[in-house]
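Enquirer: One structure, as structure tokens, below. Some questions next.
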Amino acid sequence: MKLIYFDAGNPQKKKELEGLAKAAGYDFVPVAAMQTGQKIGYLAGVSGYRETPLPVLALPPRIGEDMLLFAQTTADMIDPALELLKKNRISIGLKAIVTPYNVGWTLFELYQELVKEREKIK
């Protein structure tokens, strides 16, 4: 399984999550702020997806919260990963699984969708 993590400003949480991921045998992929406009497929290492260059003088879309994506996984692998986060008190409000439906979205588009879904649940 691959954990793709966007850190919105807490490098300590990123370090802790990376250590847990590696100890559990997961691949850890940190996402930099300059990569928020990249396709999920590229970030997940899906064949056929390439890096999209940022236009000159353009700023990447801003994401204001941590995000965690689960890639190259199966349903039975998600619960143990979530338990590991809970056990180690690592709270990440926005989580998603990389699917054929969202693999072509940018990280920012997925962020917008997750925020929208959370608002509907409230």
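Each chain in the structure tokens gets a letter, A, B, ..., in the order shown, and its residues are numbered from 1; ligands are numbered from 1 in order too.
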Considering only C-alpha atoms, return as an MDAnalysis selection string whatever protein or nucleic-acid residues lie within 8 Å of Ile63 in chain A, sequence-local ones (same chain, fewer than 4 positions apart) excluded.
Expert: chainID A and resid 8 33 36 108 111
Enquirer: Within 12 Å of Ile78 in chain A, counting only C-alpha atoms, which residues show up once you throw out same-chain ones fewer than 3 positions away? Write them as a PyMOL selection string, please.
Expert: chain A and resi 1-3+26+68-75+81-85+95-98
Enquirer: DSSP on the backbone, alpha helix (DSSP H) only: what residues of chain A does that give? Format it as a ChimeraX atom specification.
Expert: /A:11-23,40-44,75-87,107-121
Enquirer: Just give me the gap between CA of Phe6 in chain A and CA of Pro60 in chain A in Å, one decimal is fine.
Expert: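 Going from CA of Phe6 in chain A over to CA of Pro60 in chain A covers 13.4 Å.
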Enquirer: Between A:Pro80, A:Lys122, A:Tyr49, A:Ile90, which residue has the minimum interatomic distance to Lys15 in chain A, considering only C-alpha atoms?
Expert: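 Using only C-alpha atoms, Lys15 in chain A sits closest to A:Ile90.
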Enquirer: Excluding Glu51 in chain A and any residue of its chain fewer than 2 positions from it, enumerate the residues within 10 Å of it, using only C-alpha atoms, and give them as a PDB file with N, CA and C atoms, in the first residue's frame.
Expert:
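Contents of the output file result_38.pdb:
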```pdb
ATOM      1  N   GLN A  35       2.974  20.824  -5.537  1.00  0.00           N
ATOM      2  CA  GLN A  35       2.408  19.701  -6.279  1.00  0.00           C
ATOM      3  C   GLN A  35       0.888  19.594  -6.165  1.00  0.00           C
ATOM      4  N   GLY A  37      -1.414  20.893  -7.747  1.00  0.00           N
ATOM      5  CA  GLY A  37      -2.095  20.879  -9.041  1.00  0.00           C
ATOM      6  C   GLY A  37      -1.800  19.634  -9.853  1.00  0.00           C
ATOM      7  N   GLN A  38      -1.074  18.688  -9.271  1.00  0.00           N
ATOM      8  CA  GLN A  38      -0.745  17.453  -9.986  1.00  0.00           C
ATOM      9  C   GLN A  38      -1.902  16.461  -9.926  1.00  0.00           C
ATOM     10  N   LYS A  39      -1.987  15.613 -10.946  1.00  0.00           N
ATOM     11  CA  LYS A  39      -3.003  14.568 -10.984  1.00  0.00           C
ATOM     12  C   LYS A  39      -2.712  13.518  -9.911  1.00  0.00           C
ATOM     13  N   GLY A  41      -3.138  10.424 -10.185  1.00  0.00           N
ATOM     14  CA  GLY A  41      -2.440   9.312 -10.841  1.00  0.00           C
ATOM     15  C   GLY A  41      -0.939   9.492 -10.855  1.00  0.00           C
ATOM     16  N   TYR A  42      -0.485  10.705 -11.102  1.00  0.00           N
ATOM     17  CA  TYR A  42       0.955  10.981 -11.087  1.00  0.00           C
ATOM     18  C   TYR A  42       1.510  10.797  -9.676  1.00  0.00           C
ATOM     19  N   LEU A  43       0.829  11.368  -8.684  1.00  0.00           N
ATOM     20  CA  LEU A  43       1.305  11.271  -7.299  1.00  0.00           C
ATOM     21  C   LEU A  43       1.337   9.823  -6.811  1.00  0.00           C
ATOM     22  N   TYR A  49       0.457   8.457 -16.248  1.00  0.00           N
ATOM     23  CA  TYR A  49       0.324   9.809 -15.692  1.00  0.00           C
ATOM     24  C   TYR A  49       1.701  10.432 -15.535  1.00  0.00           C
ATOM     25  N   PRO A  53       3.685  20.384 -15.727  1.00  0.00           N
ATOM     26  CA  PRO A  53       4.479  21.555 -15.336  1.00  0.00           C
ATOM     27  C   PRO A  53       3.581  22.725 -14.927  1.00  0.00           C
ATOM     28  N   LEU A  54       3.997  23.434 -13.913  1.00  0.00           N
ATOM     29  CA  LEU A  54       3.292  24.618 -13.454  1.00  0.00           C
ATOM     30  C   LEU A  54       3.637  25.758 -14.400  1.00  0.00           C
TER      31      LEU A  54
END
```
Enquirer: Measuring atom to atom with only C-alpha atoms, identify which of A:Leu94, A:Ala23, A:Met67, A:Val46 is nearest to Ile4 in chain A.
Expert: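 Counting only C-alpha atoms, the residue closest to Ile4 in chain A is A:Met67.
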Enquirer: Taking 2 positions as the minimum chain separation for residues in the same chain, which residues sit within 10 Å of Glu18 in chain A when counting only C-alpha atoms? Answer as an NGL selection string.
Expert: :A and (3-5 or 12-16 or 20-24 or 26-30)
Enquirer: Keeping N, CA and C atoms, export the residues of the selection given above as a compact mmCIF listing (two decimals), in the first residue's frame.
Expert:
```
# COMPACT_ATOMS: atom_id res chain seq x y z
N LEU A 3 0.93 5.33 0.96
CA LEU A 3 0.29 6.46 1.63
C LEU A 3 0.83 7.74 1.02
N ILE A 4 -0.07 8.54 0.48
CA ILE A 4 0.29 9.81 -0.15
C ILE A 4 -0.19 10.89 0.81
N TYR A 5 0.75 11.71 1.29
CA TYR A 5 0.42 12.65 2.35
C TYR A 5 0.76 14.08 1.96
N GLN A 12 6.16 17.96 11.90
CA GLN A 12 6.31 16.90 12.91
C GLN A 12 5.34 15.76 12.63
N LYS A 13 4.10 16.09 12.28
CA LYS A 13 3.12 15.05 11.96
C LYS A 13 3.59 14.26 10.74
N LYS A 14 4.13 14.97 9.76
CA LYS A 14 4.63 14.30 8.55
C LYS A 14 5.73 13.31 8.92
N LYS A 15 6.64 13.72 9.77
CA LYS A 15 7.75 12.86 10.19
C LYS A 15 7.23 11.62 10.93
N GLU A 16 6.27 11.82 11.83
CA GLU A 16 5.68 10.71 12.57
C GLU A 16 4.97 9.74 11.64
N LEU A 20 5.80 5.75 10.89
CA LEU A 20 4.79 4.70 11.06
C LEU A 20 4.57 3.92 9.77
N ALA A 21 4.46 4.66 8.68
CA ALA A 21 4.22 4.03 7.37
C ALA A 21 5.34 3.05 7.03
N LYS A 22 6.55 3.50 7.19
CA LYS A 22 7.70 2.64 6.85
C LYS A 22 7.77 1.44 7.78
N ALA A 23 7.49 1.64 9.07
CA ALA A 23 7.52 0.52 10.02
C ALA A 23 6.44 -0.51 9.68
N ALA A 24 5.33 -0.06 9.12
CA ALA A 24 4.23 -0.97 8.76
C ALA A 24 4.41 -1.58 7.37
N TYR A 26 4.50 0.21 4.51
CA TYR A 26 3.82 1.00 3.48
C TYR A 26 4.82 1.94 2.80
N ASP A 27 4.58 2.21 1.54
CA ASP A 27 5.35 3.25 0.86
C ASP A 27 4.79 4.60 1.29
N PHE A 28 5.66 5.56 1.52
CA PHE A 28 5.23 6.89 1.95
C PHE A 28 5.62 7.89 0.88
N VAL A 29 4.63 8.65 0.40
CA VAL A 29 4.87 9.64 -0.64
C VAL A 29 4.45 11.01 -0.11
N PRO A 30 5.43 11.85 0.24
CA PRO A 30 5.08 13.21 0.67
C PRO A 30 4.76 14.08 -0.53
```
Enquirer: For the atom pair CA of Gln112 in chain A and CA of Arg62 in chain A, what is the interatomic distance in Å to one decimal place?
Expert: 10.6 Å
Enquirer: Just the number, please: distance in Å from CA of Thr106 in chain A to CA of Pro61 in chain A, one decimal.
Expert: 9.8 Å
Enquirer: Quick one: of A:Thr52, A:Asp66, A:Gly25, A:Gly45, who's nearest to Ile92 in chain A, counting only C-alpha atoms?
Expert: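 Of the candidates, the smallest distance to Ile92 in chain A is held by A:Asp66.
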Enquirer: Find the residue from A:Ala32, A:Leu59, A:Ile40, A:Leu17 that sits nearest to Glu109 in chain A; use only C-alpha atoms when measuring.
Expert: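 For Glu109 in chain A, the nearest of the candidates is A:Ile40.
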Enquirer: Point out the residue among A:Pro100, A:Lys120, A:Ser91, A:Asn10 with the least atom-to-atom distance to Gly64 in chain A, counting only C-alpha atoms.
Expert: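 Result for the nearest residue to Gly64 in chain A: A:Asn10.
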Enquirer: Compare A:Gly104, A:Gly19, A:Ser47, A:Asp7 by their minimum atom-to-atom distance to Met34 in chain A, counting only C-alpha atoms, and give me the closest one.
Expert: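 For Met34 in chain A, the nearest of the given residues is A:Asp7.
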